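Chemist: Quick one: this structure, given as structure tokens, is what I'll be asking you about.
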Amino acid sequence: MSTSDATRLNVLPRARRQKTPREKKKWTIGEVVVMVILSVLVLIVAFPVIYALLQSFRSYAEITIDPMGLPTSFTFDNYVALFEQTDYAEALLNTLIITVGTVVLLVAIVPMAAWGIERIGGTWGRFLYILFIAGLMIPFQVRMIPLVKGFNEVGLYSTLTAVILVHLGGAASFGILLYCSFIKGIPIDVEEAAHVDGAGRFRTFWSIVFPMLLPVTSAFVIIQALGLWNDFFIPLVFLDSSNAGTINVAINRMVGLLTSQWQLIYTGAILAIVPSIAIFAAFQRYFIKRMSVGAVKG
């Protein structure tokens with residue numbers, strides 16, 4: 001091969017690798033309309049949050065005189081007063097305990113129960129599965145009064161334990177439905193191989209099965225954590241006025257019959273939504289990916 005031929009072979013691939021500049025894509029009328037609609041929806045959703053954030057830097061007098069005004073100065077006096085003048089710190093701790101405690105119990109119990117229903121239960125497993133699904137169809141308002149009376153009789157009313165147990169019972173039905181649908185897509189061969197190697201059912205589940213349930217577990221944890229953190233009705237019903245309640249209950253108690261501490265209400269609302277926004281922003285891609293995997297497996 002001559003030198004000119006070798007040079008030509010080396011030059012041609014480089015020339016082919018050069019990308020021609022792409023023409024700028026022009027938006028169609030339909031795409032413009034969609035973007036305008038999405039922009040309007042974003043503004044509608046974001047406006048209450050931005051409004052509350054701005055009002056959290058204003059005094060009570062400024063808010064009552066001009067509710068739609070802008071803050072004259074950005075100070076954190078309201079944030080300091082929120083923790084000094086109210087039970088917001090205790091309510092924040094209660095919310096954290098309820099959220100973390102409920103999520104831990106759900107992850108420890110629900111996946112194992114679903115696996116038992118699918119792999120061990122047989123006819124009884126099908127019956128239990130139907131009972132759990134039936135629990136999704138019963139409104140909470142129907143169970144509310146019997147639960148309040150029951151917890152009051154055993155001395156658990158107005159305790160965090162009562163709230164955790166109510167949340168646990170409500171989320172278990174949804175968890176069983178989610179996990180059972182996912183477990184059906186897991187091959188049973190790996191479990192049988194572990195059993196042949198001498199692993200018991202408990203070890204088989206936590207060492208073999210549970211790691212394969214991480215996609216659906218991650219989605220389940222995020223959904224439940226956000227719901228528990230933002231819940232208002234159940235803590236309001238099962239925690240009386242002697243308890244600081246959760247953050248949403250504490251904010252609700254700042255609304256008085258004659259006067260309301262609007263500057264503290266806006267401040268508390270902003271602090272309440274910060275963890276939710278942070279969690280969803282951090283795990284948005286992970287959440288969508290895991291949910292799509294769970295849908296395919298189901």
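Residue numbering restarts at 1 in every chain; chains get A, B, ... in the order shown in the structure tokens, and ligands count up from 1 in that same order.
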Please provide as a PyMOL selection string all residues within 10 Å of Leu147 (chain A), with the sequence filter that same-chain residues fewer than 3 positions apart are discarded (counting only C-alpha atoms).

Modeler: chain A and resi 140+142-144+150-153+157+162+166+238

Chemist: Can you spit out the residues from that selection as an mmCIF file, in the first residue's frame, using all heavy atoms?

Modeler:
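Okay, this is what ended up in again07.cif:
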data_model
loop_
_atom_site.group_PDB
_atom_site.id
_atom_site.type_symbol
_atom_site.label_atom_id
_atom_site.label_comp_id
_atom_site.auth_asym_id
_atom_site.auth_seq_id
_atom_site.Cartn_x
_atom_site.Cartn_y
_atom_site.Cartn_z
ATOM 1 N N PHE A 140 -62.234 5.781 55.086
ATOM 2 C CA PHE A 140 -61.703 5.970 56.440
ATOM 3 C C PHE A 140 -62.763 6.533 57.377
ATOM 4 O O PHE A 140 -62.767 6.241 58.573
ATOM 5 C CB PHE A 140 -60.492 6.919 56.395
ATOM 6 C CG PHE A 140 -59.992 7.302 57.761
ATOM 7 C CD1 PHE A 140 -59.285 6.393 58.535
ATOM 8 C CD2 PHE A 140 -60.249 8.558 58.278
ATOM 9 C CE1 PHE A 140 -58.825 6.732 59.806
ATOM 10 C CE2 PHE A 140 -59.789 8.916 59.537
ATOM 11 C CZ PHE A 140 -59.071 7.998 60.303
ATOM 12 N N VAL A 142 -65.740 5.718 57.685
ATOM 13 C CA VAL A 142 -66.539 4.634 58.251
ATOM 14 C C VAL A 142 -65.817 4.006 59.445
ATOM 15 O O VAL A 142 -66.435 3.614 60.434
ATOM 16 C CB VAL A 142 -66.837 3.577 57.170
ATOM 17 C CG1 VAL A 142 -67.586 2.384 57.765
ATOM 18 C CG2 VAL A 142 -67.638 4.194 56.034
ATOM 19 N N ARG A 143 -64.496 3.927 59.376
ATOM 20 C CA ARG A 143 -63.713 3.295 60.442
ATOM 21 C C ARG A 143 -63.277 4.269 61.526
ATOM 22 O O ARG A 143 -62.757 3.861 62.555
ATOM 23 C CB ARG A 143 -62.455 2.655 59.831
ATOM 24 C CG ARG A 143 -62.737 1.574 58.809
ATOM 25 C CD ARG A 143 -61.458 1.097 58.152
ATOM 26 N NE ARG A 143 -61.007 2.005 57.107
ATOM 27 C CZ ARG A 143 -59.757 2.417 56.972
ATOM 28 N NH1 ARG A 143 -58.841 2.048 57.841
ATOM 29 N NH2 ARG A 143 -59.412 3.213 55.978
ATOM 30 N N MET A 144 -63.469 5.546 61.313
ATOM 31 C CA MET A 144 -62.913 6.562 62.198
ATOM 32 C C MET A 144 -63.450 6.481 63.623
ATOM 33 O O MET A 144 -62.684 6.400 64.592
ATOM 34 C CB MET A 144 -63.179 7.954 61.613
ATOM 35 C CG MET A 144 -62.641 9.105 62.447
ATOM 36 S SD MET A 144 -62.935 10.676 61.598
ATOM 37 C CE MET A 144 -64.748 10.701 61.573
ATOM 38 N N GLY A 150 -61.962 2.611 70.226
ATOM 39 C CA GLY A 150 -61.072 1.512 70.578
ATOM 40 C C GLY A 150 -59.764 2.001 71.186
ATOM 41 O O GLY A 150 -59.315 1.483 72.214
ATOM 42 N N PHE A 151 -59.142 2.992 70.583
ATOM 43 C CA PHE A 151 -57.889 3.531 71.124
ATOM 44 C C PHE A 151 -58.113 4.205 72.476
ATOM 45 O O PHE A 151 -57.244 4.166 73.356
ATOM 46 C CB PHE A 151 -57.287 4.529 70.140
ATOM 47 C CG PHE A 151 -56.605 3.884 68.977
ATOM 48 C CD1 PHE A 151 -56.918 4.248 67.672
ATOM 49 C CD2 PHE A 151 -55.629 2.905 69.158
ATOM 50 C CE1 PHE A 151 -56.287 3.660 66.592
ATOM 51 C CE2 PHE A 151 -54.994 2.306 68.077
ATOM 52 C CZ PHE A 151 -55.326 2.683 66.804
ATOM 53 N N ASN A 152 -59.272 4.829 72.651
ATOM 54 C CA ASN A 152 -59.568 5.474 73.929
ATOM 55 C C ASN A 152 -59.724 4.447 75.042
ATOM 56 O O ASN A 152 -59.298 4.669 76.186
ATOM 57 C CB ASN A 152 -60.837 6.317 73.792
ATOM 58 C CG ASN A 152 -61.071 7.205 75.000
ATOM 59 O OD1 ASN A 152 -60.121 7.732 75.577
ATOM 60 N ND2 ASN A 152 -62.328 7.357 75.389
ATOM 61 N N GLU A 153 -60.313 3.296 74.728
ATOM 62 C CA GLU A 153 -60.517 2.259 75.745
ATOM 63 C C GLU A 153 -59.210 1.608 76.189
ATOM 64 O O GLU A 153 -59.073 1.202 77.340
ATOM 65 C CB GLU A 153 -61.482 1.196 75.209
ATOM 66 C CG GLU A 153 -62.918 1.698 75.064
ATOM 67 C CD GLU A 153 -63.837 0.637 74.473
ATOM 68 O OE1 GLU A 153 -63.320 -0.463 74.152
ATOM 69 O OE2 GLU A 153 -65.042 0.909 74.331
ATOM 70 N N TYR A 157 -55.395 6.675 72.817
ATOM 71 C CA TYR A 157 -55.889 7.860 72.133
ATOM 72 C C TYR A 157 -55.012 9.069 72.464
ATOM 73 O O TYR A 157 -54.540 9.235 73.575
ATOM 74 C CB TYR A 157 -57.334 8.153 72.520
ATOM 75 C CG TYR A 157 -57.907 9.371 71.844
ATOM 76 C CD1 TYR A 157 -58.192 9.359 70.476
ATOM 77 C CD2 TYR A 157 -58.128 10.543 72.558
ATOM 78 C CE1 TYR A 157 -58.703 10.474 69.844
ATOM 79 C CE2 TYR A 157 -58.642 11.672 71.932
ATOM 80 C CZ TYR A 157 -58.920 11.635 70.578
ATOM 81 O OH TYR A 157 -59.419 12.754 69.957
ATOM 82 N N ALA A 162 -51.006 5.661 68.260
ATOM 83 C CA ALA A 162 -52.309 5.512 67.622
ATOM 84 C C ALA A 162 -52.264 5.998 66.173
ATOM 85 O O ALA A 162 -52.793 5.347 65.258
ATOM 86 C CB ALA A 162 -53.366 6.279 68.404
ATOM 87 N N VAL A 166 -52.851 3.653 62.805
ATOM 88 C CA VAL A 166 -53.895 3.958 61.827
ATOM 89 C C VAL A 166 -53.288 4.087 60.425
ATOM 90 O O VAL A 166 -53.818 3.553 59.447
ATOM 91 C CB VAL A 166 -54.637 5.251 62.222
ATOM 92 C CG1 VAL A 166 -55.609 5.665 61.117
ATOM 93 C CG2 VAL A 166 -55.396 5.045 63.524
ATOM 94 N N PHE A 238 -56.953 11.973 65.822
ATOM 95 C CA PHE A 238 -56.427 11.091 66.864
ATOM 96 C C PHE A 238 -55.465 11.770 67.835
ATOM 97 O O PHE A 238 -54.938 11.107 68.726
ATOM 98 C CB PHE A 238 -55.725 9.895 66.208
ATOM 99 C CG PHE A 238 -56.665 8.945 65.534
ATOM 100 C CD1 PHE A 238 -57.002 9.103 64.200
ATOM 101 C CD2 PHE A 238 -57.258 7.905 66.245
ATOM 102 C CE1 PHE A 238 -57.881 8.237 63.584
ATOM 103 C CE2 PHE A 238 -58.135 7.032 65.634
ATOM 104 C CZ PHE A 238 -58.451 7.200 64.298
#

Chemist: Determine, counting only C-alpha atoms, which protein, DNA and RNA residues have an atom within 12 Å of an atom of Val100 (chain A); residues of the same chain fewer than 6 positions away are not included. Present the result as a VMD selection string.

Modeler: chain A and resid 93 to 94 106 to 107 160 164 167 to 168 221 to 222 224 to 229

Chemist: Selection from above, N, CA and C atoms, as a tab-separated table (two decimals), in the first residue's frame, can you write it?

Modeler:
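result-v3.tsv, freshly written:
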chain	number	residue	atom	x	y	z
A	93	LEU	N	-41.15	17.52	65.31
A	93	LEU	CA	-40.60	16.26	65.80
A	93	LEU	C	-41.64	15.15	65.73
A	94	ASN	N	-42.88	15.45	66.11
A	94	ASN	CA	-43.96	14.45	66.03
A	94	ASN	C	-44.18	13.97	64.60
A	106	LEU	N	-43.80	-0.35	57.75
A	106	LEU	CA	-44.36	-0.80	56.48
A	106	LEU	C	-43.34	-1.63	55.69
A	107	VAL	N	-42.10	-1.16	55.64
A	107	VAL	CA	-41.07	-1.89	54.90
A	107	VAL	C	-40.74	-3.21	55.57
A	160	LEU	N	-48.85	9.21	69.68
A	160	LEU	CA	-48.27	9.01	68.36
A	160	LEU	C	-48.41	7.57	67.90
A	164	ILE	N	-49.63	6.20	64.22
A	164	ILE	CA	-48.80	5.28	63.43
A	164	ILE	C	-49.58	4.02	63.08
A	167	HIS	N	-52.17	4.79	60.33
A	167	HIS	CA	-51.50	4.91	59.04
A	167	HIS	C	-51.02	3.54	58.55
A	168	LEU	N	-50.52	2.74	59.47
A	168	LEU	CA	-50.02	1.42	59.09
A	168	LEU	C	-51.14	0.55	58.52
A	221	VAL	N	-41.93	3.60	49.33
A	221	VAL	CA	-41.44	4.44	50.43
A	221	VAL	C	-41.64	5.92	50.11
A	222	ILE	N	-41.34	6.32	48.88
A	222	ILE	CA	-41.48	7.73	48.53
A	222	ILE	C	-42.94	8.16	48.58
A	224	GLN	N	-45.44	6.84	50.32
A	224	GLN	CA	-45.93	6.85	51.69
A	224	GLN	C	-45.30	7.96	52.52
A	225	ALA	N	-44.01	8.22	52.32
A	225	ALA	CA	-43.34	9.26	53.10
A	225	ALA	C	-43.93	10.64	52.80
A	226	LEU	N	-44.18	10.92	51.53
A	226	LEU	CA	-44.78	12.20	51.18
A	226	LEU	C	-46.20	12.31	51.72
A	227	GLY	N	-46.97	11.22	51.63
A	227	GLY	CA	-48.33	11.24	52.15
A	227	GLY	C	-48.39	11.41	53.66
A	228	LEU	N	-47.49	10.73	54.37
A	228	LEU	CA	-47.47	10.82	55.82
A	228	LEU	C	-47.04	12.21	56.28
A	229	TRP	N	-46.04	12.76	55.62
A	229	TRP	CA	-45.55	14.08	56.03
A	229	TRP	C	-46.62	15.17	55.84

Chemist: For the atom pair CA of Thr99 (chain A) and CA of Ile176 (chain A), what is the interatomic distance in Å to one decimal place?

Modeler: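 A separation of 19.1 Å between them.
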
Chemist: Using only C-alpha atoms for the distances, tell me which of A:Ile234, A:Val40, A:Ala272, A:Val110 is nearest to Val148 (chain A).

Modeler: A:Ile234

Chemist: Could you pull the residues within 10 Å of region 85-89 of chain A, counting only C-alpha atoms, minus those fewer than 4 positions along the same chain, as a list of chain:residue names?

Modeler: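 In the requested form, the answer reads A:Asn78, A:Val80, A:Ala81, A:Leu93, A:Asn94, A:Thr95, A:Asn243, A:Ala244, A:Gly245, A:Thr246, A:Ile247, A:Asn248, A:Val249, A:Ala250, A:Ile251, A:Arg253, A:Met254, A:Leu264, A:Gly268.
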
Chemist: Kindly export the residues of the current selection with all heavy atoms, as a short mmCIF file (atom, residue, chain, number, x, y, z; two decimals), in the first residue's frame.

Modeler:
data_model
loop_
_atom_site.label_atom_id
_atom_site.label_comp_id
_atom_site.auth_asym_id
_atom_site.auth_seq_id
_atom_site.Cartn_x
_atom_site.Cartn_y
_atom_site.Cartn_z
N ASN A 78 -39.94 36.16 61.64
CA ASN A 78 -41.09 35.27 61.72
C ASN A 78 -40.66 33.81 61.94
O ASN A 78 -41.34 33.07 62.65
CB ASN A 78 -41.92 35.36 60.44
CG ASN A 78 -42.63 36.70 60.32
OD1 ASN A 78 -42.89 37.36 61.32
ND2 ASN A 78 -42.92 37.10 59.09
N VAL A 80 -37.97 32.82 63.52
CA VAL A 80 -37.54 32.70 64.92
C VAL A 80 -38.75 32.69 65.84
O VAL A 80 -38.84 31.88 66.77
CB VAL A 80 -36.58 33.85 65.27
CG1 VAL A 80 -36.22 33.80 66.76
CG2 VAL A 80 -35.32 33.78 64.42
N ALA A 81 -39.71 33.58 65.58
CA ALA A 81 -40.91 33.66 66.42
C ALA A 81 -41.75 32.40 66.32
O ALA A 81 -42.41 32.01 67.30
CB ALA A 81 -41.74 34.87 66.01
N LEU A 93 -41.15 17.52 65.31
CA LEU A 93 -40.60 16.26 65.80
C LEU A 93 -41.64 15.15 65.73
O LEU A 93 -41.33 14.01 65.34
CB LEU A 93 -40.09 16.43 67.23
CG LEU A 93 -39.50 15.19 67.90
CD1 LEU A 93 -38.28 14.69 67.12
CD2 LEU A 93 -39.12 15.49 69.35
N ASN A 94 -42.88 15.45 66.11
CA ASN A 94 -43.96 14.45 66.03
C ASN A 94 -44.18 13.97 64.60
O ASN A 94 -44.35 12.77 64.35
CB ASN A 94 -45.26 15.04 66.58
CG ASN A 94 -45.22 15.25 68.08
OD1 ASN A 94 -44.37 14.69 68.78
ND2 ASN A 94 -46.12 16.07 68.58
N THR A 95 -44.16 14.91 63.66
CA THR A 95 -44.33 14.55 62.25
C THR A 95 -43.20 13.64 61.77
O THR A 95 -43.43 12.67 61.04
CB THR A 95 -44.40 15.81 61.38
OG1 THR A 95 -45.39 16.69 61.89
CG2 THR A 95 -44.72 15.45 59.93
N ASN A 243 -51.98 17.59 72.90
CA ASN A 243 -50.79 17.20 72.15
C ASN A 243 -50.48 18.29 71.12
O ASN A 243 -51.38 18.91 70.57
CB ASN A 243 -51.02 15.86 71.44
CG ASN A 243 -49.75 15.23 70.95
OD1 ASN A 243 -49.04 15.79 70.13
ND2 ASN A 243 -49.46 14.04 71.44
N ALA A 244 -49.19 18.51 70.87
CA ALA A 244 -48.81 19.53 69.89
C ALA A 244 -49.25 19.16 68.48
O ALA A 244 -49.39 20.03 67.62
CB ALA A 244 -47.30 19.74 69.92
N GLY A 245 -49.49 17.87 68.25
CA GLY A 245 -49.93 17.42 66.93
C GLY A 245 -48.79 17.40 65.94
O GLY A 245 -47.62 17.39 66.30
N THR A 246 -49.15 17.39 64.67
CA THR A 246 -48.16 17.44 63.60
C THR A 246 -48.07 18.87 63.05
O THR A 246 -48.79 19.76 63.50
CB THR A 246 -48.55 16.46 62.47
OG1 THR A 246 -49.85 16.82 61.97
CG2 THR A 246 -48.59 15.03 62.99
N ILE A 247 -47.20 19.07 62.08
CA ILE A 247 -46.99 20.44 61.60
C ILE A 247 -48.26 21.03 60.98
O ILE A 247 -48.56 22.21 61.18
CB ILE A 247 -45.82 20.47 60.59
CG1 ILE A 247 -45.98 19.41 59.52
CG2 ILE A 247 -44.49 20.32 61.29
CD1 ILE A 247 -44.90 19.45 58.47
N ASN A 248 -49.01 20.22 60.25
CA ASN A 248 -50.24 20.73 59.64
C ASN A 248 -51.30 21.04 60.69
O ASN A 248 -52.06 22.00 60.56
CB ASN A 248 -50.77 19.73 58.63
CG ASN A 248 -49.88 19.64 57.40
OD1 ASN A 248 -49.34 20.63 56.94
ND2 ASN A 248 -49.71 18.45 56.87
N VAL A 249 -51.37 20.20 61.73
CA VAL A 249 -52.30 20.47 62.83
C VAL A 249 -51.89 21.72 63.58
O VAL A 249 -52.73 22.55 63.96
CB VAL A 249 -52.38 19.26 63.77
CG1 VAL A 249 -53.23 19.57 65.00
CG2 VAL A 249 -52.94 18.05 63.04
N ALA A 250 -50.59 21.89 63.82
CA ALA A 250 -50.09 23.08 64.52
C ALA A 250 -50.40 24.35 63.74
O ALA A 250 -50.78 25.37 64.32
CB ALA A 250 -48.59 22.94 64.76
N ILE A 251 -50.26 24.29 62.41
CA ILE A 251 -50.59 25.46 61.59
C ILE A 251 -52.08 25.75 61.65
O ILE A 251 -52.51 26.91 61.74
CB ILE A 251 -50.13 25.21 60.14
CG1 ILE A 251 -48.61 25.16 60.06
CG2 ILE A 251 -50.66 26.31 59.22
CD1 ILE A 251 -48.08 24.75 58.71
N ARG A 253 -54.08 25.24 64.10
CA ARG A 253 -54.43 25.81 65.40
C ARG A 253 -54.04 27.27 65.52
O ARG A 253 -54.47 27.95 66.44
CB ARG A 253 -53.76 24.99 66.51
CG ARG A 253 -54.35 23.60 66.68
CD ARG A 253 -53.58 22.77 67.66
NE ARG A 253 -54.16 21.43 67.78
CZ ARG A 253 -53.61 20.42 68.46
NH1 ARG A 253 -52.44 20.62 69.08
NH2 ARG A 253 -54.20 19.25 68.51
N MET A 254 -53.23 27.77 64.60
CA MET A 254 -52.90 29.20 64.60
C MET A 254 -54.01 30.05 64.03
O MET A 254 -53.99 31.28 64.16
CB MET A 254 -51.62 29.44 63.79
CG MET A 254 -50.39 28.77 64.34
SD MET A 254 -48.95 29.04 63.26
CE MET A 254 -47.80 27.82 63.92
N LEU A 264 -47.15 33.87 61.01
CA LEU A 264 -46.64 32.57 61.45
C LEU A 264 -47.25 31.43 60.64
O LEU A 264 -46.60 30.39 60.43
CB LEU A 264 -46.94 32.38 62.95
CG LEU A 264 -46.32 33.42 63.90
CD1 LEU A 264 -46.64 33.06 65.35
CD2 LEU A 264 -44.82 33.52 63.69
N GLY A 268 -44.93 28.83 58.80
CA GLY A 268 -45.05 27.40 59.07
C GLY A 268 -45.37 26.59 57.83
O GLY A 268 -44.88 25.47 57.66
#

Chemist: Enumerate as number ranges by chain all residues of region 18-259 of chain A assigned to helix (DSSP H, G or I) by DSSP on the backbone, naming them with the chain letters and numbers the document uses.

Modeler: A: 29-55, 60-65, 77-85, 88-119, 122-137, 140-153, 160-183, 189-196, 201-212, 214-230, 233-238, 247-253

Chemist: For region 52-60 of chain A, find every residue with an atom within 12 Å (counting only C-alpha atoms), except residues of its own chain fewer than 3 positions away, and show them as an MDAnalysis selection string.

Modeler: chainID A and resid 46:49 63:82 259:274
